[in-house]
$ cat model-v5.pdb   # PDB, C-alpha atoms, pLDDT in the B column
ATOM      1  CA  MET A  26       0.000   0.000   0.000  1.00 43.00           C
ATOM      2  CA  THR A  27       2.756   2.412   0.829  1.00 44.00           C
ATOM      3  CA  THR A  28       4.272   2.162  -2.637  1.00 44.00           C
ATOM      4  CA  GLN A  29       0.920   3.049  -4.206  1.00 45.00           C
ATOM      5  CA  LEU A  30       0.670   6.046  -1.930  1.00 42.00           C
ATOM      6  CA  ASP A  31       4.235   7.050  -2.809  1.00 44.00           C
ATOM      7  CA  THR A  32       3.263   7.336  -6.451  1.00 43.00           C
ATOM      8  CA  VAL A  33       0.036   9.193  -5.687  1.00 45.00           C
ATOM      9  CA  PHE A  34       1.458  11.724  -3.264  1.00 46.00           C
ATOM     10  CA  GLY A  35       4.967  12.029  -4.661  1.00 49.00           C
ATOM     11  CA  ASP A  36       7.381  13.589  -2.194  1.00 50.00           C
ATOM     12  CA  GLN A  37       4.897  14.375   0.591  1.00 45.00           C
ATOM     13  CA  PRO A  38       5.709  11.876   3.368  1.00 47.00           C
ATOM     14  CA  THR A  39       3.327  13.549   5.841  1.00 41.00           C
ATOM     15  CA  LEU A  40       0.330  12.777   3.668  1.00 40.00           C
ATOM     16  CA  ILE A  41       1.591   9.253   3.121  1.00 40.00           C
ATOM     17  CA  ARG A  42       1.870   8.673   6.860  1.00 41.00           C
ATOM     18  CA  ARG A  43      -1.611  10.081   7.517  1.00 42.00           C
ATOM     19  CA  CYS A  44      -3.220   7.949   4.820  1.00 42.00           C
ATOM     20  CA  THR A  45      -1.392   4.818   5.889  1.00 39.00           C
ATOM     21  CA  VAL A  46      -2.384   5.307   9.522  1.00 41.00           C
ATOM     22  CA  SER A  47      -6.009   6.099   8.711  1.00 42.00           C
ATOM     23  CA  MET A  48      -6.295   3.107   6.368  1.00 44.00           C
ATOM     24  CA  ALA A  49      -4.778   0.800   8.981  1.00 43.00           C
ATOM     25  CA  HIS A  50      -7.165   2.272  11.523  1.00 46.00           C
ATOM     26  CA  ALA A  51     -10.137   1.585   9.233  1.00 47.00           C
ATOM     27  CA  ILE A  52      -8.998  -1.965   8.506  1.00 47.00           C
ATOM     28  CA  GLU A  53      -8.635  -2.801  12.196  1.00 50.00           C
ATOM     29  CA  GLY A  54     -12.128  -1.445  12.860  1.00 53.00           C
ATOM     30  CA  ALA A  55     -10.972   0.592  15.821  1.00 53.00           C
ATOM     31  CA  GLU A  56     -12.813   3.813  16.465  1.00 56.00           C
ATOM     32  CA  ALA A  57     -11.397   6.917  18.044  1.00 55.00           C
ATOM     33  CA  PRO A  58     -13.042   7.678  21.381  1.00 60.00           C
ATOM     34  CA  ARG A  59     -15.939  10.054  20.871  1.00 73.00           C
ATOM     35  CA  GLY A  60     -17.929  12.105  23.302  1.00 86.00           C
ATOM     36  CA  MET A  61     -16.790  13.008  26.789  1.00 91.00           C
ATOM     37  CA  THR A  62     -16.732  11.235  30.099  1.00 92.00           C
ATOM     38  CA  HIS A  63     -18.627  12.550  33.099  1.00 91.00           C
ATOM     39  CA  ALA A  64     -15.364  13.669  34.714  1.00 91.00           C
ATOM     40  CA  GLU A  65     -14.368  15.597  31.571  1.00 93.00           C
ATOM     41  CA  LEU A  66     -17.762  17.321  31.461  1.00 93.00           C
ATOM     42  CA  MET A  67     -17.528  18.366  35.107  1.00 93.00           C
ATOM     43  CA  ALA A  68     -13.983  19.697  34.578  1.00 94.00           C
ATOM     44  CA  LEU A  69     -15.004  22.049  31.754  1.00 95.00           C
ATOM     45  CA  PRO A  70     -14.382  25.773  32.261  1.00 96.00           C
ATOM     46  CA  VAL A  71     -17.284  28.198  32.463  1.00 96.00           C
ATOM     47  CA  SER A  72     -17.139  28.888  28.726  1.00 96.00           C
ATOM     48  CA  PHE A  73     -15.362  26.996  25.979  1.00 97.00           C
ATOM     49  CA  PRO A  74     -15.037  26.917  22.164  1.00 97.00           C
ATOM     50  CA  LEU A  75     -17.679  25.293  19.988  1.00 97.00           C
ATOM     51  CA  ASP A  76     -15.276  22.443  19.129  1.00 96.00           C
ATOM     52  CA  VAL A  77     -15.421  21.272  22.745  1.00 96.00           C
ATOM     53  CA  ALA A  78     -19.234  21.356  22.741  1.00 97.00           C
ATOM     54  CA  ASN A  79     -19.225  19.441  19.452  1.00 97.00           C
ATOM     55  CA  ARG A  80     -17.158  16.731  21.085  1.00 96.00           C
ATOM     56  CA  ALA A  81     -19.410  16.594  24.156  1.00 96.00           C
ATOM     57  CA  LEU A  82     -22.527  16.325  21.975  1.00 96.00           C
ATOM     58  CA  ASP A  83     -20.865  13.870  19.574  1.00 94.00           C
ATOM     59  CA  LEU A  84     -21.258  16.217  16.602  1.00 95.00           C
ATOM     60  CA  GLY A  85     -18.788  16.577  13.775  1.00 95.00           C
ATOM     61  CA  ARG A  86     -16.994  19.869  13.287  1.00 95.00           C
ATOM     62  CA  THR A  87     -18.743  20.774  10.027  1.00 96.00           C
ATOM     63  CA  THR A  88     -22.195  19.861  11.331  1.00 96.00           C
ATOM     64  CA  GLY A  89     -21.651  21.716  14.604  1.00 97.00           C
ATOM     65  CA  PHE A  90     -20.519  24.933  12.963  1.00 96.00           C
ATOM     66  CA  ALA A  91     -23.308  24.744  10.366  1.00 96.00           C
ATOM     67  CA  LEU A  92     -25.931  24.350  13.126  1.00 97.00           C
ATOM     68  CA  ALA A  93     -24.411  27.251  15.074  1.00 96.00           C
ATOM     69  CA  LYS A  94     -24.433  29.469  11.988  1.00 94.00           C
ATOM     70  CA  GLN A  95     -28.106  28.625  11.307  1.00 95.00           C
ATOM     71  CA  GLY A  96     -29.054  29.205  14.948  1.00 95.00           C
ATOM     72  CA  ALA A  97     -30.136  25.564  15.316  1.00 96.00           C
ATOM     73  CA  TYR A  98     -27.437  24.317  17.704  1.00 97.00           C
ATOM     74  CA  PRO A  99     -28.926  22.250  20.568  1.00 96.00           C
ATOM     75  CA  ILE A 100     -27.592  24.646  23.209  1.00 97.00           C
ATOM     76  CA  ARG A 101     -27.135  28.393  23.329  1.00 97.00           C
ATOM     77  CA  VAL A 102     -24.113  29.560  21.349  1.00 97.00           C
ATOM     78  CA  LEU A 103     -22.476  32.890  22.082  1.00 96.00           C
ATOM     79  CA  ARG A 104     -20.890  34.757  19.201  1.00 94.00           C
ATOM     80  CA  LEU A 105     -17.904  36.740  20.438  1.00 92.00           C
ATOM     81  CA  GLY A 106     -16.250  38.437  17.501  1.00 93.00           C
ATOM     82  CA  ARG A 107     -15.336  35.617  15.138  1.00 91.00           C
ATOM     83  CA  GLN A 108     -15.576  32.932  17.832  1.00 94.00           C
ATOM     84  CA  TYR A 109     -18.454  30.668  18.804  1.00 97.00           C
ATOM     85  CA  ARG A 110     -18.485  29.806  22.508  1.00 97.00           C
ATOM     86  CA  CYS A 111     -20.763  27.770  24.750  1.00 97.00           C
ATOM     87  CA  THR A 112     -21.264  27.681  28.504  1.00 96.00           C
ATOM     88  CA  ARG A 113     -20.878  24.750  30.854  1.00 96.00           C
ATOM     89  CA  TYR A 114     -24.254  25.536  32.427  1.00 95.00           C
ATOM     90  CA  ASP A 115     -26.144  25.241  29.127  1.00 96.00           C
ATOM     91  CA  LEU A 116     -24.319  22.060  28.107  1.00 96.00           C
ATOM     92  CA  LEU A 117     -24.874  20.275  31.419  1.00 95.00           C
ATOM     93  CA  ARG A 118     -28.509  21.347  31.513  1.00 95.00           C
ATOM     94  CA  TYR A 119     -29.066  20.036  27.965  1.00 95.00           C
ATOM     95  CA  LEU A 120     -27.432  16.716  28.865  1.00 93.00           C
ATOM     96  CA  GLY A 121     -29.628  16.420  31.948  1.00 93.00           C
ATOM     97  CA  LEU A 122     -26.733  16.507  34.396  1.00 90.00           C
ATOM     98  CA  GLU A 123     -27.050  18.216  37.732  1.00 84.00           C
ATOM     99  CA  VAL A 124     -25.562  21.679  37.554  1.00 74.00           C
ATOM    100  CA  ASP A 125     -23.593  22.381  40.717  1.00 64.00           C
ATOM    101  CA  SER A 126     -24.908  25.400  42.522  1.00 51.00           C
ATOM    102  CA  VAL A 127     -22.454  28.188  43.070  1.00 47.00           C
ATOM    103  CA  GLU A 128     -21.653  28.586  46.707  1.00 46.00           C
ATOM    104  CA  ALA A 129     -21.663  32.104  48.092  1.00 46.00           C
ATOM    105  CA  PRO A 130     -18.281  33.186  49.447  1.00 53.00           C
ATOM    106  CA  ALA A 131     -18.033  32.931  53.211  1.00 55.00           C
ATOM    107  CA  GLU A 132     -18.368  36.199  55.072  1.00 59.00           C
ATOM    108  CA  PRO A 133     -15.331  37.312  57.022  1.00 63.00           C
ATOM    109  CA  ALA A 134     -15.561  36.426  60.722  1.00 61.00           C
ATOM    110  CA  ALA A 135     -16.172  39.336  63.035  1.00 61.00           C
ATOM    111  CA  ALA A 136     -13.164  40.012  65.229  1.00 54.00           C
TER
END
$ encode --input "model-v5.pdb" --output "structure tokens"
Amino acid sequence: MTTQLDTVFGDQPTLIRRCTVSMAHAIEGAEAPRGMTHAELMALPVSFPLDVANRALDLGRTTGFALAKQGAYPIRVLRLGRQYRCTRYDLLRYLGLEVDSVEAPAEPAAA
């Protein structure tokens, strides 16, 4: 297979390596881990890029950005300049996970 790729891609070893790895991956039937674990979801920052939300919702990059652009993304998407961002609160609420309440800071003890 590598010799066929050598003739197709010429002197671009990076592309050859990528194709060889992805073809071997497809032949073995192994899938890359998708989605996020509960621990990863709980460790998310308050706001994060749309790519992270796509991973949590098991959406592809193209589909996720197309839904955000159309205003049809499953959770609220914030447009900040050229960036799309989502909040942990909206994501956890959509997934039906308990959103931790924010504890009020303790008042200083009277001396």
$ atom_distance --input "model-v5.pdb" --atom1 "atom CA of Val124 of chain A" --atom2 "atom CA of Ala93 of chain A"
23.2 Å
$ atom_distance --input "model-v5.pdb" --atom1 "atom CA of Tyr98 of chain A" --atom2 "atom CA of Ala64 of chain A"
23.4 Å
$ atom_distance --input "model-v5.pdb" --atom1 "atom CA of Met61 of chain A" --atom2 "atom CA of Leu92 of chain A"
20.0 Å
$ residues_around --input "model-v5.pdb" --residues "segment 80-88 of chain A" --least-positions-apart "2" --cutoff "9 Å" --atoms "only C-alpha atoms" --output "VMD selection string"
chain A and resid 59 to 62 66 75 to 78 90 to 93 99 116 120
$ residues_around --input "model-v5.pdb" --residues "segment 102-114 of chain A" --least-positions-apart "2" --cutoff "6 Å" --atoms "all atoms listed in the file" --output "ChimeraX atom specification"
/A:71-75,116-117
$ axis_aligned_box --input "model-v5.pdb" --around "segment 75-94 of chain A" --padding-each-side "6 Å" --output "JSON"
{"center_x": -20.6, "center_y": 21.7, "center_z": 17.1, "size_x": 22.7, "size_y": 27.6, "size_z": 26.1}
